[in-house]
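S.K.: File my_file08.cif below, mmCIF, N, CA and C atoms:
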data_entry
#
loop_
_atom_site.label_atom_id
_atom_site.label_comp_id
_atom_site.auth_asym_id
_atom_site.auth_seq_id
_atom_site.Cartn_x
_atom_site.Cartn_y
_atom_site.Cartn_z
N MET U 29 0.82 -1.19 0.00
CA MET U 29 0.00 0.00 0.00
C MET U 29 0.87 1.26 0.00
N TRP U 30 1.91 1.26 0.83
CA TRP U 30 2.81 2.40 0.92
C TRP U 30 3.51 2.65 -0.41
N ASP U 31 3.90 1.58 -1.11
CA ASP U 31 4.56 1.71 -2.41
C ASP U 31 3.63 2.34 -3.44
N LEU U 32 2.37 1.99 -3.39
CA LEU U 32 1.40 2.56 -4.32
C LEU U 32 1.26 4.07 -4.11
N LEU U 33 1.21 4.51 -2.86
CA LEU U 33 1.11 5.94 -2.57
C LEU U 33 2.36 6.69 -3.02
N LYS U 34 3.53 6.10 -2.82
CA LYS U 34 4.77 6.74 -3.26
C LYS U 34 4.80 6.85 -4.78
N MET U 35 4.32 5.81 -5.47
CA MET U 35 4.30 5.84 -6.93
C MET U 35 3.33 6.92 -7.43
N LEU U 36 2.16 7.02 -6.84
CA LEU U 36 1.19 8.03 -7.25
C LEU U 36 1.71 9.45 -6.96
N ALA U 37 2.35 9.63 -5.82
CA ALA U 37 2.92 10.94 -5.50
C ALA U 37 4.02 11.30 -6.49
N SER U 38 4.83 10.35 -6.87
CA SER U 38 5.88 10.60 -7.86
C SER U 38 5.28 10.96 -9.21
N LEU U 39 4.20 10.27 -9.59
CA LEU U 39 3.53 10.55 -10.86
C LEU U 39 2.95 11.96 -10.86
N VAL U 40 2.33 12.37 -9.78
CA VAL U 40 1.78 13.72 -9.67
C VAL U 40 2.91 14.75 -9.75
N LEU U 41 4.02 14.48 -9.09
CA LEU U 41 5.16 15.38 -9.13
C LEU U 41 5.72 15.52 -10.54
N VAL U 42 5.85 14.42 -11.25
CA VAL U 42 6.37 14.45 -12.62
C VAL U 42 5.44 15.24 -13.53
N PHE U 43 4.14 15.01 -13.45
CA PHE U 43 3.19 15.75 -14.28
C PHE U 43 3.17 17.23 -13.91
N GLY U 44 3.31 17.55 -12.64
CA GLY U 44 3.36 18.95 -12.22
C GLY U 44 4.59 19.65 -12.77
N LEU U 45 5.74 18.98 -12.70
CA LEU U 45 6.96 19.57 -13.26
C LEU U 45 6.87 19.70 -14.77
N LEU U 46 6.26 18.75 -15.44
CA LEU U 46 6.07 18.82 -16.89
C LEU U 46 5.18 20.01 -17.26
N GLY U 47 4.09 20.20 -16.54
CA GLY U 47 3.20 21.33 -16.78
C GLY U 47 3.91 22.66 -16.55
N LEU U 48 4.70 22.74 -15.49
CA LEU U 48 5.46 23.95 -15.20
C LEU U 48 6.48 24.24 -16.30
N LEU U 49 7.15 23.21 -16.78
CA LEU U 49 8.12 23.38 -17.87
C LEU U 49 7.44 23.85 -19.15
N LEU U 50 6.30 23.28 -19.49
CA LEU U 50 5.58 23.70 -20.70
C LEU U 50 5.12 25.15 -20.58
N TRP U 51 4.64 25.54 -19.42
CA TRP U 51 4.22 26.92 -19.21
C TRP U 51 5.40 27.87 -19.38
N ALA U 52 6.56 27.51 -18.78
CA ALA U 52 7.75 28.36 -18.87
C ALA U 52 8.23 28.47 -20.31
N LEU U 53 8.19 27.38 -21.07
CA LEU U 53 8.61 27.42 -22.47
C LEU U 53 7.68 28.29 -23.30
N LYS U 54 6.40 28.25 -23.02
CA LYS U 54 5.44 29.08 -23.76
C LYS U 54 5.71 30.56 -23.48
N ARG U 55 5.96 30.90 -22.24
CA ARG U 55 6.27 32.30 -21.90
C ARG U 55 7.57 32.76 -22.56
N LEU U 56 8.57 31.89 -22.57
CA LEU U 56 9.84 32.23 -23.19
C LEU U 56 9.67 32.44 -24.69
N GLN U 57 8.88 31.58 -25.33
CA GLN U 57 8.64 31.70 -26.76
C GLN U 57 7.93 33.02 -27.07
N GLN U 58 6.98 33.41 -26.26
CA GLN U 58 6.28 34.67 -26.48
C GLN U 58 7.24 35.85 -26.37
N ARG U 59 8.15 35.81 -25.43
CA ARG U 59 9.11 36.89 -25.27
C ARG U 59 10.11 36.95 -26.41
N LEU U 60 10.52 35.80 -26.90
CA LEU U 60 11.50 35.77 -27.98
C LEU U 60 10.93 36.25 -29.31
N HIS U 61 9.63 36.01 -29.53
CA HIS U 61 9.02 36.34 -30.81
C HIS U 61 8.26 37.65 -30.82
N SER U 62 8.31 38.39 -29.73
CA SER U 62 7.60 39.67 -29.72
C SER U 62 8.56 40.80 -30.05
N ASP U 63 7.98 41.90 -30.46
CA ASP U 63 8.73 43.11 -30.78
C ASP U 63 9.31 43.68 -29.48
N PRO U 64 10.51 44.29 -29.51
CA PRO U 64 11.08 44.86 -28.28
C PRO U 64 10.18 45.89 -27.61
N THR U 65 9.33 46.55 -28.37
CA THR U 65 8.42 47.53 -27.78
C THR U 65 7.22 46.87 -27.13
N GLY U 66 7.09 45.55 -27.28
CA GLY U 66 5.95 44.85 -26.71
C GLY U 66 4.78 44.77 -27.67
N GLN U 67 4.88 45.43 -28.81
CA GLN U 67 3.81 45.42 -29.81
C GLN U 67 4.00 44.22 -30.73
N ARG U 68 2.96 43.49 -30.96
CA ARG U 68 3.03 42.35 -31.88
C ARG U 68 2.82 42.84 -33.30
N GLN U 69 3.55 42.26 -34.23
CA GLN U 69 3.45 42.62 -35.63
C GLN U 69 2.32 41.87 -36.33
N LEU U 70 1.92 40.74 -35.78
CA LEU U 70 0.91 39.88 -36.40
C LEU U 70 -0.08 39.46 -35.33
N ARG U 71 -1.36 39.55 -35.67
CA ARG U 71 -2.41 39.10 -34.75
C ARG U 71 -3.33 38.16 -35.48
N VAL U 72 -3.70 37.07 -34.84
CA VAL U 72 -4.71 36.16 -35.38
C VAL U 72 -6.05 36.62 -34.81
N LEU U 73 -6.90 37.13 -35.68
CA LEU U 73 -8.18 37.67 -35.23
C LEU U 73 -9.20 36.55 -35.01
N GLU U 74 -9.20 35.58 -35.92
CA GLU U 74 -10.18 34.49 -35.81
C GLU U 74 -9.75 33.34 -36.70
N THR U 75 -10.07 32.13 -36.28
CA THR U 75 -9.84 30.95 -37.11
C THR U 75 -11.13 30.14 -37.19
N LEU U 76 -11.30 29.46 -38.30
CA LEU U 76 -12.47 28.61 -38.51
C LEU U 76 -11.99 27.28 -39.06
N HIS U 77 -12.22 26.21 -38.31
CA HIS U 77 -11.81 24.87 -38.75
C HIS U 77 -12.85 24.33 -39.73
N LEU U 78 -12.37 23.91 -40.89
CA LEU U 78 -13.26 23.41 -41.94
C LEU U 78 -13.25 21.89 -42.03
N GLY U 79 -12.20 21.27 -41.56
CA GLY U 79 -12.05 19.83 -41.63
C GLY U 79 -10.94 19.39 -40.72
N ALA U 80 -10.52 18.13 -40.88
CA ALA U 80 -9.50 17.57 -40.00
C ALA U 80 -8.19 18.37 -40.05
N ARG U 81 -7.75 18.74 -41.23
CA ARG U 81 -6.49 19.48 -41.37
C ARG U 81 -6.66 20.71 -42.24
N GLN U 82 -7.85 21.30 -42.21
CA GLN U 82 -8.13 22.47 -43.04
C GLN U 82 -8.79 23.54 -42.19
N LYS U 83 -8.32 24.78 -42.36
CA LYS U 83 -8.94 25.89 -41.66
C LYS U 83 -8.65 27.18 -42.42
N ILE U 84 -9.40 28.20 -42.08
CA ILE U 84 -9.12 29.54 -42.59
C ILE U 84 -8.85 30.42 -41.38
N ALA U 85 -8.00 31.41 -41.57
CA ALA U 85 -7.64 32.32 -40.49
C ALA U 85 -7.69 33.74 -40.99
N LEU U 86 -8.19 34.62 -40.16
CA LEU U 86 -8.19 36.04 -40.44
C LEU U 86 -7.07 36.67 -39.62
N LEU U 87 -6.08 37.26 -40.32
CA LEU U 87 -4.90 37.82 -39.68
C LEU U 87 -4.89 39.33 -39.84
N GLU U 88 -4.21 39.99 -38.92
CA GLU U 88 -4.00 41.43 -39.03
C GLU U 88 -2.50 41.68 -39.02
N VAL U 89 -2.01 42.32 -40.10
CA VAL U 89 -0.59 42.62 -40.21
C VAL U 89 -0.44 43.90 -41.05
N ASP U 90 0.41 44.82 -40.60
CA ASP U 90 0.69 46.07 -41.31
C ASP U 90 -0.58 46.80 -41.74
N ASN U 91 -1.49 47.00 -40.82
CA ASN U 91 -2.76 47.70 -41.09
C ASN U 91 -3.56 47.06 -42.22
N GLN U 92 -3.43 45.78 -42.37
CA GLN U 92 -4.18 45.02 -43.36
C GLN U 92 -4.82 43.82 -42.66
N ARG U 93 -5.92 43.39 -43.20
CA ARG U 93 -6.53 42.12 -42.79
C ARG U 93 -6.32 41.15 -43.93
N VAL U 94 -5.82 39.97 -43.61
CA VAL U 94 -5.52 38.97 -44.62
C VAL U 94 -6.26 37.69 -44.25
N LEU U 95 -7.01 37.14 -45.20
CA LEU U 95 -7.69 35.87 -45.02
C LEU U 95 -6.81 34.80 -45.62
N VAL U 96 -6.45 33.78 -44.83
CA VAL U 96 -5.50 32.75 -45.25
C VAL U 96 -6.17 31.39 -45.15
N GLY U 97 -6.03 30.59 -46.21
CA GLY U 97 -6.47 29.21 -46.20
C GLY U 97 -5.30 28.31 -45.81
N ILE U 98 -5.52 27.39 -44.89
CA ILE U 98 -4.44 26.56 -44.36
C ILE U 98 -4.82 25.09 -44.44
N THR U 99 -3.94 24.29 -45.05
CA THR U 99 -4.10 22.83 -45.06
C THR U 99 -2.86 22.23 -44.42
N GLY U 100 -2.77 20.92 -44.40
CA GLY U 100 -1.63 20.26 -43.81
C GLY U 100 -0.32 20.55 -44.53
N GLN U 101 -0.37 20.83 -45.81
CA GLN U 101 0.85 21.04 -46.59
C GLN U 101 0.96 22.42 -47.21
N HIS U 102 -0.06 23.26 -47.11
CA HIS U 102 -0.07 24.48 -47.91
C HIS U 102 -0.79 25.60 -47.17
N MET U 103 -0.32 26.83 -47.40
CA MET U 103 -1.01 28.04 -46.94
C MET U 103 -1.15 28.97 -48.13
N GLN U 104 -2.31 29.62 -48.24
CA GLN U 104 -2.53 30.52 -49.37
C GLN U 104 -3.38 31.70 -48.92
N ALA U 105 -2.96 32.90 -49.31
CA ALA U 105 -3.75 34.09 -49.04
C ALA U 105 -4.98 34.08 -49.93
N LEU U 106 -6.15 34.23 -49.33
CA LEU U 106 -7.40 34.20 -50.07
C LEU U 106 -7.93 35.60 -50.35
N GLY U 107 -7.53 36.56 -49.53
CA GLY U 107 -7.98 37.93 -49.74
C GLY U 107 -7.26 38.87 -48.80
N GLN U 108 -7.28 40.15 -49.13
CA GLN U 108 -6.59 41.15 -48.32
C GLN U 108 -7.39 42.43 -48.36
N TRP U 109 -7.60 43.07 -47.19
CA TRP U 109 -8.37 44.28 -47.10
C TRP U 109 -7.69 45.25 -46.15
N PRO U 110 -7.87 46.55 -46.36
CA PRO U 110 -7.33 47.52 -45.41
C PRO U 110 -8.01 47.38 -44.06
N LEU U 111 -7.29 47.70 -43.02
CA LEU U 111 -7.83 47.59 -41.66
C LEU U 111 -9.03 48.50 -41.47
N SER U 112 -9.10 49.60 -42.22
CA SER U 112 -10.22 50.54 -42.09
C SER U 112 -11.54 49.92 -42.51
N ALA U 113 -11.49 48.81 -43.26
CA ALA U 113 -12.72 48.11 -43.64
C ALA U 113 -13.19 47.32 -42.43
N GLY U 114 -14.14 47.88 -41.70
CA GLY U 114 -14.64 47.23 -40.48
C GLY U 114 -15.45 45.99 -40.81
N PRO U 115 -15.97 45.34 -39.79
CA PRO U 115 -16.71 44.10 -40.02
C PRO U 115 -17.98 44.27 -40.84
N HIS U 116 -18.56 45.48 -40.82
CA HIS U 116 -19.79 45.70 -41.59
C HIS U 116 -19.55 46.51 -42.86
N ASN U 117 -18.31 46.92 -43.09
CA ASN U 117 -17.97 47.67 -44.29
C ASN U 117 -17.49 46.68 -45.35
N THR U 118 -18.33 46.41 -46.33
CA THR U 118 -18.00 45.40 -47.35
C THR U 118 -17.67 46.03 -48.69
N THR U 119 -17.34 47.31 -48.68
CA THR U 119 -17.08 47.97 -49.96
C THR U 119 -15.82 47.45 -50.64
N ASN U 120 -14.84 46.98 -49.87
CA ASN U 120 -13.59 46.50 -50.45
C ASN U 120 -13.55 44.98 -50.57
N LEU U 121 -14.61 44.31 -50.19
CA LEU U 121 -14.63 42.86 -50.23
C LEU U 121 -15.03 42.37 -51.61
N PRO U 122 -14.42 41.28 -52.09
CA PRO U 122 -14.84 40.74 -53.39
C PRO U 122 -16.24 40.17 -53.29
N ASN U 123 -17.00 40.24 -54.37
CA ASN U 123 -18.32 39.63 -54.35
C ASN U 123 -18.36 38.42 -55.24
N GLU U 124 -19.42 37.68 -55.18
CA GLU U 124 -19.51 36.42 -55.92
C GLU U 124 -19.47 36.62 -57.43
N SER U 125 -19.97 37.75 -57.92
CA SER U 125 -19.97 37.96 -59.37
C SER U 125 -18.55 38.11 -59.91
N ASP U 126 -17.60 38.61 -59.08
CA ASP U 126 -16.20 38.71 -59.50
C ASP U 126 -15.56 37.34 -59.66
N GLU U 127 -15.95 36.38 -58.85
CA GLU U 127 -15.37 35.05 -58.90
C GLU U 127 -15.79 34.28 -60.15
N HIS U 128 -17.01 34.53 -60.63
CA HIS U 128 -17.53 33.76 -61.76
C HIS U 128 -17.21 34.40 -63.10
N ALA U 129 -16.65 35.59 -63.10
CA ALA U 129 -16.37 36.30 -64.34
C ALA U 129 -15.13 35.74 -65.03
#
Represent the structure of the file as structure tokens.

M.R.:
Amino acid sequence: MWDLLKMLASLVLVFGLLGLLLWALKRLQQRLHSDPTGQRQLRVLETLHLGARQKIALLEVDNQRVLVGITGQHMQALGQWPLSAGPHNTTNLPNESDEHA
């Protein structure tokens, strides 16, 4: 019985240390990849999963919004709009008639 408790305590300790290490690595990665001023150059505004290995992401970079299609092997920009085009401002967005022309 005593051996079982020691084994469980060791397992909890190992998982706790692993979680702490992963947290520390994530914080370190954020610091290494951020701008010295603390401002991020790229923001992921939203992602939508379409399938097992397919998604689209809306990114913000250099005062632009970029829609990107992502698969397991490929990434492709699907569209780009100025940041001033808000969520309800569709004047700069492509419409369906442009795609079929």

S.K.: Quick one: which residues end up in the PyMOL selection byres (((chain U and resi 101-104 and name CA) around 12) and name CA) for this structure, as a short mmCIF file (atom, residue, chain, number, x, y, z; two decimals) with N, CA and C atoms, keeping the file's coordinate frame?

M.R.:
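Final output, selection-v9.cif:
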data_model
loop_
_atom_site.label_atom_id
_atom_site.label_comp_id
_atom_site.auth_asym_id
_atom_site.auth_seq_id
_atom_site.Cartn_x
_atom_site.Cartn_y
_atom_site.Cartn_z
N ARG U 81 -7.75 18.74 -41.23
CA ARG U 81 -6.49 19.48 -41.37
C ARG U 81 -6.66 20.71 -42.24
N GLN U 82 -7.85 21.30 -42.21
CA GLN U 82 -8.13 22.47 -43.04
C GLN U 82 -8.79 23.54 -42.19
N LYS U 83 -8.32 24.78 -42.36
CA LYS U 83 -8.94 25.89 -41.66
C LYS U 83 -8.65 27.18 -42.42
N ILE U 84 -9.40 28.20 -42.08
CA ILE U 84 -9.12 29.54 -42.59
C ILE U 84 -8.85 30.42 -41.38
N ALA U 85 -8.00 31.41 -41.57
CA ALA U 85 -7.64 32.32 -40.49
C ALA U 85 -7.69 33.74 -40.99
N LEU U 86 -8.19 34.62 -40.16
CA LEU U 86 -8.19 36.04 -40.44
C LEU U 86 -7.07 36.67 -39.62
N VAL U 94 -5.82 39.97 -43.61
CA VAL U 94 -5.52 38.97 -44.62
C VAL U 94 -6.26 37.69 -44.25
N LEU U 95 -7.01 37.14 -45.20
CA LEU U 95 -7.69 35.87 -45.02
C LEU U 95 -6.81 34.80 -45.62
N VAL U 96 -6.45 33.78 -44.83
CA VAL U 96 -5.50 32.75 -45.25
C VAL U 96 -6.17 31.39 -45.15
N GLY U 97 -6.03 30.59 -46.21
CA GLY U 97 -6.47 29.21 -46.20
C GLY U 97 -5.30 28.31 -45.81
N ILE U 98 -5.52 27.39 -44.89
CA ILE U 98 -4.44 26.56 -44.36
C ILE U 98 -4.82 25.09 -44.44
N THR U 99 -3.94 24.29 -45.05
CA THR U 99 -4.10 22.83 -45.06
C THR U 99 -2.86 22.23 -44.42
N GLY U 100 -2.77 20.92 -44.40
CA GLY U 100 -1.63 20.26 -43.81
C GLY U 100 -0.32 20.55 -44.53
N ALA U 105 -2.96 32.90 -49.31
CA ALA U 105 -3.75 34.09 -49.04
C ALA U 105 -4.98 34.08 -49.93
N LEU U 106 -6.15 34.23 -49.33
CA LEU U 106 -7.40 34.20 -50.07
C LEU U 106 -7.93 35.60 -50.35
N GLY U 107 -7.53 36.56 -49.53
CA GLY U 107 -7.98 37.93 -49.74
C GLY U 107 -7.26 38.87 -48.80
N GLN U 108 -7.28 40.15 -49.13
CA GLN U 108 -6.59 41.15 -48.32
C GLN U 108 -7.39 42.43 -48.36
#

S.K.: Tell me which protein, DNA and RNA residues are within 6 Å of U:Asp90, counting all atoms listed in the file, leaving out same-chain ones fewer than 2 positions away, and put them as a list of chain:residue names.

M.R.: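 What passes the distance filter is U:Gln69, U:Glu88, U:Gln92.
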
S.K.: Separation of atom N of U:Gln67 and atom CA of U:Lys54, in Å?

M.R.: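 Those two atoms sit 17.1 Å apart.
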
S.K.: Please, what distance in Å, to one decimal, runs between atom N of U:Gln57 and atom CA of U:Glu74?

M.R.: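 That distance, rounded to one decimal, is 21.9 Å.
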
S.K.: Interatomic distance between atom CA of U:Val89 and atom CA of U:Leu70?

M.R.: 4.9 Å

S.K.: For stretch 50-58 of chain U, take all atoms listed in the file, fit an axis-aligned box around them, add 4 Å to each of the six sides, then output centre and edge lengths in Å rounded to one decimal, as lines of an AutoDock Vina configuration file.

M.R.:
center_x = 7.0
center_y = 29.6
center_z = -22.9
size_x = 13.6
size_y = 20.6
size_z = 16.3
